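Below is one structure, written out as structure tokens, with a few remarks after it.
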There are 2 protein chains.
Amino acid sequence: MDKVRFGVVGLGNMGSSHSRNLDQGVVPEIELTAVCDIAEERREWARKNLSDKVEIYADAVEMFEKAPIDAVIIATPHYFHPPLVIEALNHGLHAISEKPAGVYTKQVEEMNAVAAKSDKLFGIMFNQRTNPVYAKVKELVEEGELGEIKRVVWLITDWYRSQSYYDSGTWRATWGGEGGGVLLNQCPHNLDLMQWIVGMPCGVRAFMGYGKGRNFEVENDVTAYMEFPNGATGLFVTSTHETPGTNRLEISGDRGKIVVENNEIMFYRNRISEPEFNATWKKGFGKPECWKIKIEPPKAPKLVAHMGIFQNFANAVLKGTPLLASGLEGIKGVSLANAMHLSDWTGEMVDPNHIDGDLFKKMLDEKIASSKVKKEASGSTLDVAGTY
Amino acid sequence: MDKVRFGVVGLGNMGSSHSRNLDQGVVPEIELTAVCDIAEERREWARKNLSDKVEIYADAVEMFEKAPIDAVIIATPHYFHPPLVIEALNHGLHAISEKPAGVYTKQVEEMNAVAAKSDKLFGIMFNQRTNPVYAKVKELVEEGELGEIKRVVWLITDWYRSQSYYDSGTWRATWGGEGGGVLLNQCPHNLDLMQWIVGMPCGVRAFMGYGKGRNFEVENDVTAYMEFPNGATGLFVTSTHETPGTNRLEISGDRGKIVVENNEIMFYRNRISEPEFNATWKKGFGKPECWKIKIEPPKAPKLVAHMGIFQNFANAVLKGTPLLASGLEGIKGVSLANAMHLSDWTGEMVDPNHIDGDLFKKMLDEKIASSKVKKEASGSTLDVAGTY
């Protein structure tokens with residue numbers, strides 16, 4: 001095998017974009033051989049826009065059974081990622097899930113259990129891990145340049161979306177359709193990058209605004225306080241109703257702080273570590289000498305973002321290259337989002353590593369049941385045998 | 001009267017600095033005529049460093065009764081600000097309190113009740129209100145340049161203090177001596193500026209670390225989430241154990257956002273307001289045109305900071321100039337600090353405008369009683385008739 005033959009499930013915004021890129025050979029290691037969508041107008045789009053060699057299906061399981069494919073990408077609405085990944089793996093296919101891994105941890109755990117037993121590869125579209133800026137920050141933190149972490153603050157309030165965006169898809173911004181708002185749709189990358197760089201917090205207390213300045217039911221304003229196992233604290237702040245908003249990640253530690261803003265990394269490096277300074281300084285006021293350093297991330301490889309993840313995945317299939325984003329890690333971002341919701345709903349601190357999955361699912365189902373928006377896709381009545 | 005004759009109560013760090021400046025005539029409208037301190041070595045300092053005309057007392061009340069003074073500044077440890085302001089006003093003297101106005105709202109309310117009935121002026125040393133940068137931001141917000149406020153985030157984590165700083169005064173960083181840590185000692189200016197600019201929140205939920213990386217009992221790490229009456233949210237984050245730390249104030253609203261960092265004001269101004277854009281934009285993705293504007297604050301007047309407050313106060317006494325920092329407003333910062341403590345201690349959201357003062361005092365007294373640090377100044381056994 002010199003190319004991985006891919007099928008795309010779901011031809012919405014992401015799926016059609018992936019299909020077009022893969023069909024045009026953007027990733028040399030991948031050949032697009034099949035796509036599927038339940039909607040006739042999306043299949044019509046595929047007939048008009050993709051090569052003739054690409055087979056077109058209305059049913060995902062039929063595609064898994066019949067199409068000449070080695071791997072699939074699941075690009076459906078969030079609720080359907082886990083059941084379709086499970087189907088694909090059970091059909092002997094490698095699978096990539098779009099983000100998020102799912103809406104609630106229970107379904108993601110089921111998926112991970114199947115993936116753990118499968119001999120097929122399972123990846124997730126955490127394409128921001130290919131961003132050299134965040135990869136560099138991860139390297140600096142992991143290699144101890146900041147010393148012990150004291151605080152992480154990510155203000156990511158530049159996910160501005162107008163009402164017209166939300167009105168563009170009937171499943172958008174509904175409990176039944178998306179299972180949440182900004183945390184499920186816009187923030188999975190940020191939640192993943194945060195835990196990828198500094199690890200998982202052990203406690204989260206979140207405060208949310210729902211449909212702030214908008215006409216919908218899910219959260220579009222989140223302030224989440226976090227506590228980490230080493231005693232560090234953190235904040236994750238996001239919204240879709242502010243503009244121009246801010247995207248500023250600050251991580252402080254014994255050796256100084258790193259600030260990422262405007263895609264630049266500034267490292268304020270203490271010449272000696274803070275605990276050492278504190279132990280030896282005898283003059284009251286005073287602080288360690290600090291150097292301001294602009295860190296240049298390495299040049300980006302030719303393929304980044306989605307195509308970078310596809311290439312890495314294909315090389316994993318073809319040559320055993322390690323996965324940059326193992327699908328098994330998708331549960332971390334889902335756990336963070338679930339913990340934030342559960343915290344706001346219960347008014348309690350929640351450990352994202354030990355989510356009460358039954359309680360979360362029960363409360364989510366109550367939101368879906370009491371929703372004033374009745375739309376087609378409902379996580380609580382999910383039928384995997386459906387036609388995706 | 002062409003000059004206000006001032007007495008200084010307390011010759012610690014601040015009081016001795018004030019005394020020296022006023023004695024040297026830095027504020028033309030003020031003449032230093034008396035000082036007092038309970039400590040003989042501080043009076044000795046005054047004899048050596050101040051003019052012969054300055055009378056030196058060991059007892060504040062005796063100074064209030066006998067010295068040729070029109071006004072006093074109270075520069076003692078925090079607990080003694082309210083009782084000494086009350087004594088001064090009751091002796092027919094104008095009074096300025098150093099910040100904070102007090103340690104707990106009950107004592108500040110008593111002070112304010114006396115001040116409200118007095119015909120003498122009562123000010124507070126919120127010298128940061130003379131900073132042209134924050135004054136300019138207040139003007140922009142008050143005059144509606146930001147529109148409705150959506151969020152305020154103040155990261156003020158650059159109050160670094162080593163253990164040797166805390167060891168320099170026996171009253172420092174103790175419940176009995178200061179009644180708290182970074183909120184009482186370093187942050188009163190920031191808490192005041194925040195409420196001065198955006199108003200008081202109606203709910204506060206705070207999370208604190210006590211003696212983090214240090215050897216003491218009070219808070220040196222605070223994350224406070226806030227909710228405002230109009231639905232806006234906010235964060236106030238501070239610490240004394242991080243270095244180099246950050247001082248970054250961001251206020252976002254319908255018309256954009258203001259960021260104050262490195263003593264510079266950047267205004268990201270939306271050409272049309274966000275609600276108007278949202279109501280009219282029909283194309284899904286998209287946001288208002290935004291202009292990045294560097295705002296130049298006016299040139300600072302000749303006297304700023306402490307001396308600016310002294311000059312403004314003297315002009316209020318001499319000419320009826322409005323006070324830049326009325327003492328009555330000091331309760332707002334104390335209420336914010338008390339609300340943050342009470343929230344952390346109880347695990348509840350607390351309204352700073354309706355503090356349960358008895359509960360706060362009871363919990364503070366418990367901290368003092370169970371303190372392992374036994375030091376001289378204790379708020380719960382405060383004797384106003386003492387010698388300050």
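Following the order of the structure tokens, chains are lettered A, B, ..., residues in each are numbered from 1, and ligands are numbered from 1.
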Write out as number ranges by chain each polymer residue whose atoms come within 6 Å of range 350-366 of chain B, counting only C-alpha atoms; drop sequence neighbours fewer than 5 positions from it.
B: 106, 202-204, 335-336, 339, 343
Store the residues picked out above, limited to all heavy atoms, as a compact mmCIF listing (two decimals), in the first residue's frame.
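The resulting part01.txt:
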# COMPACT_ATOMS: atom_id res chain seq x y z
N LYS B 106 -17.86 46.58 58.77
CA LYS B 106 -18.52 47.10 59.97
C LYS B 106 -17.78 48.32 60.51
O LYS B 106 -18.39 49.33 60.87
CB LYS B 106 -18.57 46.01 61.06
CG LYS B 106 -19.75 45.09 60.95
CD LYS B 106 -19.65 43.96 61.95
CE LYS B 106 -19.97 44.40 63.38
NZ LYS B 106 -21.43 44.39 63.66
N CYS B 202 -22.28 42.86 41.46
CA CYS B 202 -23.35 42.47 42.39
C CYS B 202 -23.14 41.05 42.91
O CYS B 202 -23.90 40.58 43.75
CB CYS B 202 -24.71 42.63 41.75
SG CYS B 202 -24.86 41.80 40.15
N GLY B 203 -22.11 40.37 42.41
CA GLY B 203 -21.81 39.03 42.90
C GLY B 203 -20.34 38.73 42.70
O GLY B 203 -19.77 39.10 41.66
N VAL B 204 -19.74 38.08 43.68
CA VAL B 204 -18.32 37.73 43.62
C VAL B 204 -18.16 36.29 44.08
O VAL B 204 -18.72 35.89 45.09
CB VAL B 204 -17.48 38.64 44.55
CG1 VAL B 204 -16.05 38.14 44.64
CG2 VAL B 204 -17.51 40.08 44.07
N SER B 335 -15.34 46.40 50.73
CA SER B 335 -16.44 45.47 50.48
C SER B 335 -16.05 44.41 49.45
O SER B 335 -16.40 43.24 49.58
CB SER B 335 -17.67 46.22 49.96
OG SER B 335 -18.13 47.13 50.94
N LEU B 336 -15.32 44.83 48.44
CA LEU B 336 -14.85 43.86 47.44
C LEU B 336 -13.91 42.85 48.06
O LEU B 336 -14.04 41.64 47.84
CB LEU B 336 -14.18 44.60 46.27
CG LEU B 336 -15.12 45.31 45.31
CD1 LEU B 336 -14.34 46.22 44.35
CD2 LEU B 336 -15.94 44.30 44.51
N ALA B 339 -15.88 40.61 50.38
CA ALA B 339 -16.71 39.68 49.61
C ALA B 339 -15.87 38.53 49.06
O ALA B 339 -16.29 37.37 49.08
CB ALA B 339 -17.41 40.41 48.47
N SER B 343 -16.43 34.79 50.21
CA SER B 343 -16.77 33.81 49.18
C SER B 343 -15.85 32.59 49.27
O SER B 343 -16.30 31.45 49.23
CB SER B 343 -16.66 34.45 47.80
OG SER B 343 -16.80 33.46 46.80
Just need the residues of chain B within 9 Å of chain A, counting only C-alpha atoms, so spit them out as a PyMOL selection string.
chain B and resi 150-151+160-168+207+209+212-214+223+225+231+233-235+241-245+252-257+268-270+274-275+277-290
Export, as a short mmCIF file (atom, residue, chain, number, x, y, z; two decimals), in the first residue's frame, the selected residues with N, CA and C atoms.
data_model
loop_
_atom_site.label_atom_id
_atom_site.label_comp_id
_atom_site.auth_asym_id
_atom_site.auth_seq_id
_atom_site.Cartn_x
_atom_site.Cartn_y
_atom_site.Cartn_z
N LYS B 150 -19.27 44.48 28.62
CA LYS B 150 -19.53 43.04 28.60
C LYS B 150 -18.63 42.27 29.57
N ARG B 151 -17.38 42.73 29.69
CA ARG B 151 -16.43 41.96 30.50
C ARG B 151 -15.31 42.86 30.96
N TYR B 160 4.89 41.11 43.20
CA TYR B 160 5.83 40.13 43.76
C TYR B 160 6.43 40.61 45.09
N ARG B 161 6.38 39.75 46.07
CA ARG B 161 7.00 40.03 47.36
C ARG B 161 7.67 38.75 47.86
N SER B 162 8.93 38.88 48.22
CA SER B 162 9.67 37.72 48.75
C SER B 162 9.35 37.54 50.24
N GLN B 163 9.74 36.40 50.75
CA GLN B 163 9.52 36.13 52.17
C GLN B 163 10.19 37.21 53.03
N SER B 164 11.32 37.72 52.57
CA SER B 164 12.04 38.72 53.38
C SER B 164 11.23 40.00 53.53
N TYR B 165 10.42 40.32 52.53
CA TYR B 165 9.51 41.48 52.65
C TYR B 165 8.53 41.24 53.80
N TYR B 166 7.93 40.05 53.81
CA TYR B 166 6.93 39.76 54.83
C TYR B 166 7.55 39.71 56.22
N ASP B 167 8.81 39.28 56.27
CA ASP B 167 9.49 39.19 57.55
C ASP B 167 9.92 40.55 58.08
N SER B 168 9.76 41.62 57.25
CA SER B 168 10.27 42.93 57.65
C SER B 168 9.36 43.65 58.65
N PHE B 207 -11.57 32.41 44.76
CA PHE B 207 -10.79 31.22 45.10
C PHE B 207 -9.39 31.70 45.49
N GLY B 209 -5.40 31.17 47.43
CA GLY B 209 -4.31 30.39 47.99
C GLY B 209 -3.70 31.19 49.14
N LYS B 212 1.02 30.73 49.65
CA LYS B 212 1.56 29.88 48.58
C LYS B 212 3.05 30.17 48.38
N GLY B 213 3.88 29.19 48.50
CA GLY B 213 5.32 29.37 48.31
C GLY B 213 5.96 30.25 49.36
N ARG B 214 5.22 30.54 50.44
CA ARG B 214 5.69 31.43 51.49
C ARG B 214 5.36 30.82 52.85
N THR B 223 -8.17 34.47 42.75
CA THR B 223 -8.91 34.52 41.49
C THR B 223 -10.35 34.82 41.84
N TYR B 225 -14.10 35.79 40.39
CA TYR B 225 -15.06 35.95 39.29
C TYR B 225 -16.15 36.91 39.76
N GLY B 231 -25.32 42.34 33.64
CA GLY B 231 -25.07 41.04 33.04
C GLY B 231 -23.63 40.82 32.62
N THR B 233 -19.62 40.23 33.03
CA THR B 233 -18.86 39.43 33.99
C THR B 233 -17.45 39.99 34.09
N GLY B 234 -16.71 39.51 35.07
CA GLY B 234 -15.36 40.01 35.24
C GLY B 234 -14.48 39.06 36.00
N LEU B 235 -13.19 39.36 35.97
CA LEU B 235 -12.20 38.60 36.72
C LEU B 235 -11.20 39.57 37.34
N HIS B 241 3.33 35.94 44.55
CA HIS B 241 4.39 34.92 44.49
C HIS B 241 4.83 34.61 43.07
N GLU B 242 4.25 35.35 42.10
CA GLU B 242 4.65 35.16 40.71
C GLU B 242 5.58 36.26 40.28
N THR B 243 6.52 35.94 39.44
CA THR B 243 7.38 36.98 38.88
C THR B 243 7.82 36.54 37.50
N PRO B 244 7.82 37.38 36.47
CA PRO B 244 7.61 38.82 36.56
C PRO B 244 6.15 39.23 36.73
N GLY B 245 5.20 38.36 36.57
CA GLY B 245 3.80 38.72 36.71
C GLY B 245 3.32 39.62 35.59
N SER B 252 -14.10 45.01 27.87
CA SER B 252 -14.73 44.90 26.56
C SER B 252 -16.20 45.30 26.66
N GLY B 253 -16.68 45.86 25.56
CA GLY B 253 -18.06 46.33 25.53
C GLY B 253 -18.59 46.28 24.11
N ASP B 254 -19.77 46.82 23.95
CA ASP B 254 -20.42 46.80 22.64
C ASP B 254 -19.58 47.45 21.55
N ARG B 255 -18.81 48.47 21.94
CA ARG B 255 -18.06 49.21 20.94
C ARG B 255 -16.61 48.77 20.81
N GLY B 256 -16.25 47.66 21.43
CA GLY B 256 -14.88 47.18 21.28
C GLY B 256 -14.25 46.85 22.61
N LYS B 257 -12.95 47.07 22.71
CA LYS B 257 -12.29 46.78 23.98
C LYS B 257 -11.14 47.75 24.22
N TYR B 268 -9.53 49.24 20.92
CA TYR B 268 -9.93 48.54 19.71
C TYR B 268 -11.41 48.88 19.52
N ARG B 269 -11.65 49.84 18.63
CA ARG B 269 -12.98 50.43 18.52
C ARG B 269 -13.76 49.88 17.33
N ASN B 270 -14.91 49.31 17.61
CA ASN B 270 -15.77 48.84 16.53
C ASN B 270 -16.43 50.04 15.85
N GLU B 274 -21.57 46.26 18.43
CA GLU B 274 -21.77 44.83 18.21
C GLU B 274 -23.26 44.48 18.11
N PRO B 275 -24.14 44.98 18.99
CA PRO B 275 -25.56 44.61 18.86
C PRO B 275 -26.15 45.07 17.52
N PHE B 277 -24.43 45.47 14.70
CA PHE B 277 -23.88 44.56 13.69
C PHE B 277 -24.64 43.23 13.70
N ASN B 278 -24.82 42.69 14.91
CA ASN B 278 -25.47 41.39 15.04
C ASN B 278 -26.89 41.41 14.47
N ALA B 279 -27.56 42.55 14.66
CA ALA B 279 -28.95 42.64 14.21
C ALA B 279 -29.06 42.76 12.70
N THR B 280 -27.99 43.21 12.06
CA THR B 280 -28.11 43.50 10.64
C THR B 280 -27.27 42.59 9.73
N TRP B 281 -26.26 41.94 10.28
CA TRP B 281 -25.37 41.10 9.47
C TRP B 281 -26.08 39.81 9.09
N LYS B 282 -26.03 39.43 7.85
CA LYS B 282 -26.77 38.25 7.40
C LYS B 282 -25.87 37.17 6.81
N LYS B 283 -24.56 37.35 6.88
CA LYS B 283 -23.67 36.46 6.14
C LYS B 283 -22.94 35.41 6.98
N GLY B 284 -23.46 35.08 8.15
CA GLY B 284 -22.80 34.05 8.95
C GLY B 284 -21.51 34.58 9.56
N PHE B 285 -20.36 34.02 9.14
CA PHE B 285 -19.08 34.53 9.64
C PHE B 285 -18.94 36.01 9.31
N GLY B 286 -18.23 36.74 10.15
CA GLY B 286 -18.03 38.18 9.92
C GLY B 286 -18.14 38.91 11.23
N LYS B 287 -17.48 40.07 11.30
CA LYS B 287 -17.56 40.89 12.50
C LYS B 287 -17.39 42.35 12.12
N PRO B 288 -17.71 43.26 13.05
CA PRO B 288 -17.63 44.68 12.70
C PRO B 288 -16.21 45.10 12.36
N GLU B 289 -16.09 46.05 11.48
CA GLU B 289 -14.80 46.70 11.21
C GLU B 289 -14.30 47.26 12.54
N CYS B 290 -13.00 47.07 12.80
CA CYS B 290 -12.46 47.48 14.10
C CYS B 290 -11.20 48.31 13.90
#
List every residue of range 80-312 of chain A that DSSP, applied to the backbone of this structure, assigns to alpha helix (DSSP H), and report them as number ranges by chain.
A: 81-90, 105-117, 132-142, 163-166, 182-185, 188-198, 274-280, 305-312
Based on the backbone DSSP call, show me all residues of range 77-236 of chain A assigned strand (DSSP E), as number ranges by chain.
A: 94-97, 122-124, 149-156, 203-210, 219-227, 233-236
Could you give me, as a tab-separated table, every range 63-149 of chain A residue with an atom at most 9 Å from range 13-32 of chain A, plus its closest atom pair and distance in Å to one decimal, counting only C-alpha atoms, rows ordered by chain then number?
residue	atom	partner	partner_atom	distance
A:Ile69	CA	A:Leu32	CA	8.4
A:Ile73	CA	A:Gly15	CA	8.2
A:Ile74	CA	A:Gly15	CA	8.0
A:Ala75	CA	A:Gly15	CA	5.3
A:Thr76	CA	A:Gly15	CA	7.8
A:Glu98	CA	A:Met14	CA	8.6
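Using only C-alpha atoms, the nearest neighbour of Ser239 in chain A within the list A:Ala316, A:Val259, A:Val218, A:Ile251 is A:Val218.
Separating CA of Thr321 in chain A from CA of Gly123 in chain A is a distance of 12.5 Å.
The interatomic distance for the pair CA of Phe267 in chain A and CA of Glu296 in chain A works out to 10.3 Å.
Residue neighbourhood of range 133-138 of chain A, excluding near-sequence residues (fewer than 4 positions): A:Arg129, A:Glu142, A:Ile197, A:Asn263, A:Pro297, at 7 Å, using only C-alpha atoms.
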Let's have the selection written as an mmCIF file, in the first residue's frame, with N, CA, C and O atoms.
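Final file, again.cif:
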data_model
loop_
_atom_site.group_PDB
_atom_site.id
_atom_site.type_symbol
_atom_site.label_atom_id
_atom_site.label_comp_id
_atom_site.auth_asym_id
_atom_site.auth_seq_id
_atom_site.Cartn_x
_atom_site.Cartn_y
_atom_site.Cartn_z
ATOM 1 N N ARG A 129 -2.738 21.109 16.898
ATOM 2 C CA ARG A 129 -1.480 20.540 17.395
ATOM 3 C C ARG A 129 -0.372 20.661 16.340
ATOM 4 O O ARG A 129 0.801 20.499 16.659
ATOM 5 N N GLU A 142 7.251 21.284 28.583
ATOM 6 C CA GLU A 142 7.614 19.900 28.873
ATOM 7 C C GLU A 142 9.079 19.759 29.229
ATOM 8 O O GLU A 142 9.444 18.923 30.059
ATOM 9 N N ILE A 197 -0.642 20.984 26.686
ATOM 10 C CA ILE A 197 0.532 21.755 27.112
ATOM 11 C C ILE A 197 0.764 21.668 28.621
ATOM 12 O O ILE A 197 1.888 21.451 29.062
ATOM 13 N N ASN A 263 -0.193 35.211 17.642
ATOM 14 C CA ASN A 263 0.629 34.141 17.085
ATOM 15 C C ASN A 263 2.129 34.309 17.355
ATOM 16 O O ASN A 263 2.966 33.772 16.635
ATOM 17 N N PRO A 297 9.111 30.161 16.704
ATOM 18 C CA PRO A 297 8.750 28.758 16.471
ATOM 19 C C PRO A 297 9.400 28.277 15.191
ATOM 20 O O PRO A 297 9.762 29.086 14.329
#
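Neighbours of Ala39 in chain B closer than or equal to 12 Å, with only C-alpha atoms counted and sequence neighbours fewer than 3 positions away skipped, come out as Val9, Gly10, Leu11, Gly12, Val35, Cys36, Arg42, Arg43, Glu44, Trp45, Ala46, Ile56, Tyr57, Ala58, Asp59, Ala60, Thr76, Thr387 and Tyr388 of chain B.
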Based on the selection just made, write all heavy atoms of those residues as a compact mmCIF listing (two decimals), in the first residue's frame.
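Output file again-v7.txt follows:
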# COMPACT_ATOMS: atom_id res chain seq x y z
N VAL B 9 -0.11 60.70 61.43
CA VAL B 9 -0.21 59.68 62.47
C VAL B 9 0.40 58.39 61.97
O VAL B 9 -0.10 57.79 61.01
CB VAL B 9 -1.69 59.42 62.86
CG1 VAL B 9 -1.76 58.39 64.00
CG2 VAL B 9 -2.38 60.72 63.24
N GLY B 10 1.49 57.99 62.61
CA GLY B 10 2.17 56.76 62.20
C GLY B 10 3.35 57.09 61.31
O GLY B 10 3.20 57.67 60.24
N LEU B 11 4.56 56.71 61.75
CA LEU B 11 5.76 57.03 60.98
C LEU B 11 6.45 55.77 60.47
O LEU B 11 7.67 55.60 60.56
CB LEU B 11 6.73 57.87 61.83
CG LEU B 11 6.17 59.25 62.23
CD1 LEU B 11 7.09 59.92 63.24
CD2 LEU B 11 5.98 60.14 61.00
N GLY B 12 5.62 54.87 59.95
CA GLY B 12 6.17 53.69 59.28
C GLY B 12 6.64 54.06 57.89
O GLY B 12 6.99 55.22 57.62
N VAL B 35 3.73 65.37 63.99
CA VAL B 35 3.73 63.94 63.69
C VAL B 35 3.60 63.17 64.99
O VAL B 35 3.87 63.72 66.07
CB VAL B 35 5.04 63.49 62.98
CG1 VAL B 35 5.19 64.16 61.61
CG2 VAL B 35 6.27 63.77 63.86
N CYS B 36 3.17 61.91 64.89
CA CYS B 36 3.18 61.09 66.10
C CYS B 36 3.40 59.64 65.77
O CYS B 36 3.06 59.17 64.67
CB CYS B 36 1.91 61.29 66.92
SG CYS B 36 0.54 60.26 66.47
N ARG B 42 10.87 55.72 66.08
CA ARG B 42 10.31 56.49 64.97
C ARG B 42 10.26 57.98 65.33
O ARG B 42 10.44 58.85 64.47
CB ARG B 42 8.90 55.98 64.59
CG ARG B 42 8.86 54.53 64.12
CD ARG B 42 9.92 54.18 63.09
NE ARG B 42 9.81 54.98 61.87
CZ ARG B 42 10.80 55.22 61.04
NH1 ARG B 42 12.02 54.78 61.29
NH2 ARG B 42 10.60 55.96 59.97
N ARG B 43 9.99 58.27 66.59
CA ARG B 43 10.02 59.68 67.02
C ARG B 43 11.45 60.21 66.92
O ARG B 43 11.69 61.36 66.53
CB ARG B 43 9.47 59.84 68.44
CG ARG B 43 8.01 59.41 68.57
CD ARG B 43 7.38 59.89 69.87
NE ARG B 43 7.96 59.32 71.07
CZ ARG B 43 7.62 58.14 71.59
NH1 ARG B 43 6.68 57.38 71.01
NH2 ARG B 43 8.19 57.70 72.70
N GLU B 44 12.40 59.37 67.25
CA GLU B 44 13.81 59.75 67.12
C GLU B 44 14.15 60.04 65.65
O GLU B 44 14.85 61.01 65.33
CB GLU B 44 14.70 58.62 67.66
CG GLU B 44 16.19 58.89 67.60
CD GLU B 44 16.61 60.11 68.41
OE1 GLU B 44 15.85 60.53 69.32
OE2 GLU B 44 17.68 60.68 68.10
N TRP B 45 13.63 59.19 64.78
CA TRP B 45 13.79 59.44 63.34
C TRP B 45 13.25 60.83 62.97
O TRP B 45 13.88 61.58 62.24
CB TRP B 45 13.06 58.35 62.52
CG TRP B 45 13.04 58.65 61.04
CD1 TRP B 45 13.98 58.29 60.13
CD2 TRP B 45 12.07 59.43 60.32
NE1 TRP B 45 13.65 58.77 58.88
CE2 TRP B 45 12.48 59.47 58.97
CE3 TRP B 45 10.88 60.08 60.69
CZ2 TRP B 45 11.75 60.14 57.98
CZ3 TRP B 45 10.15 60.74 59.71
CH2 TRP B 45 10.59 60.77 58.37
N ALA B 46 12.06 61.15 63.52
CA ALA B 46 11.42 62.45 63.22
C ALA B 46 12.29 63.60 63.74
O ALA B 46 12.48 64.61 63.04
CB ALA B 46 10.03 62.52 63.84
N ILE B 56 6.30 66.73 67.84
CA ILE B 56 6.37 65.27 67.82
C ILE B 56 5.62 64.71 69.03
O ILE B 56 5.88 65.10 70.17
CB ILE B 56 7.84 64.80 67.84
CG1 ILE B 56 8.53 65.33 66.57
CG2 ILE B 56 7.93 63.28 67.91
CD1 ILE B 56 10.04 65.14 66.55
N TYR B 57 4.70 63.80 68.76
CA TYR B 57 3.86 63.21 69.82
C TYR B 57 4.01 61.70 69.84
O TYR B 57 4.34 61.07 68.83
CB TYR B 57 2.38 63.57 69.58
CG TYR B 57 2.08 65.04 69.74
CD1 TYR B 57 2.30 65.93 68.68
CD2 TYR B 57 1.58 65.54 70.94
CE1 TYR B 57 2.04 67.28 68.82
CE2 TYR B 57 1.31 66.89 71.08
CZ TYR B 57 1.54 67.77 70.04
OH TYR B 57 1.28 69.10 70.19
N ALA B 58 3.72 61.16 71.02
CA ALA B 58 3.69 59.71 71.14
C ALA B 58 2.26 59.19 71.10
O ALA B 58 2.02 58.00 70.92
CB ALA B 58 4.34 59.27 72.46
N ASP B 59 1.31 60.11 71.26
CA ASP B 59 -0.09 59.72 71.40
C ASP B 59 -0.93 60.51 70.40
O ASP B 59 -0.91 61.75 70.38
CB ASP B 59 -0.54 60.01 72.83
CG ASP B 59 -1.98 59.59 73.08
OD1 ASP B 59 -2.90 60.13 72.42
OD2 ASP B 59 -2.18 58.72 73.96
N ALA B 60 -1.70 59.78 69.57
CA ALA B 60 -2.47 60.44 68.51
C ALA B 60 -3.51 61.39 69.09
O ALA B 60 -3.67 62.52 68.62
CB ALA B 60 -3.16 59.39 67.63
N THR B 76 -1.31 54.42 59.86
CA THR B 76 -1.03 53.31 60.78
C THR B 76 -1.33 51.99 60.06
O THR B 76 -1.82 51.99 58.94
CB THR B 76 -1.98 53.40 61.97
OG1 THR B 76 -3.33 53.29 61.46
CG2 THR B 76 -1.84 54.72 62.70
N THR B 387 -1.98 54.60 71.94
CA THR B 387 -1.06 55.70 71.67
C THR B 387 -0.53 55.63 70.25
O THR B 387 0.55 55.09 70.02
CB THR B 387 0.11 55.62 72.66
OG1 THR B 387 0.63 54.28 72.62
CG2 THR B 387 -0.33 55.95 74.05
N TYR B 388 -1.30 56.15 69.29
CA TYR B 388 -0.87 56.11 67.88
C TYR B 388 -0.69 57.51 67.33
O TYR B 388 -1.60 58.22 67.13
CB TYR B 388 -1.88 55.31 67.05
CG TYR B 388 -1.90 53.90 67.52
CD1 TYR B 388 -2.85 53.49 68.44
CD2 TYR B 388 -0.92 53.01 67.12
CE1 TYR B 388 -2.85 52.20 68.93
CE2 TYR B 388 -0.91 51.72 67.61
CZ TYR B 388 -1.87 51.30 68.51
OH TYR B 388 -1.84 50.05 69.00
My list of candidates is A:Phe122, A:Pro68, A:Asn262, A:Val304. Which is closest to Leu323 in chain A when distances are computed with only C-alpha atoms?
A:Phe122
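Comparing the minimum interatomic distances between Gln311 in chain A and each of A:Met125, A:Ile295, A:Asp37, A:Glu87, counting only C-alpha atoms, we find that A:Met125 sits nearest.
The two atoms in question, CA of Leu140 in chain B and CA of Trp159 in chain A, are spaced 25.2 Å apart.
Take the candidates A:Val54, A:Ile331, A:Ala337, A:Met111 and check each one against Arg5 in chain A using only C-alpha atoms; the shortest distance goes to A:Val54.
Comparing the minimum interatomic distances between Leu303 in chain A and each of A:Asn230, A:Ser97, A:Asn131, A:Thr240, counting only C-alpha atoms, we find that A:Asn131 sits nearest.
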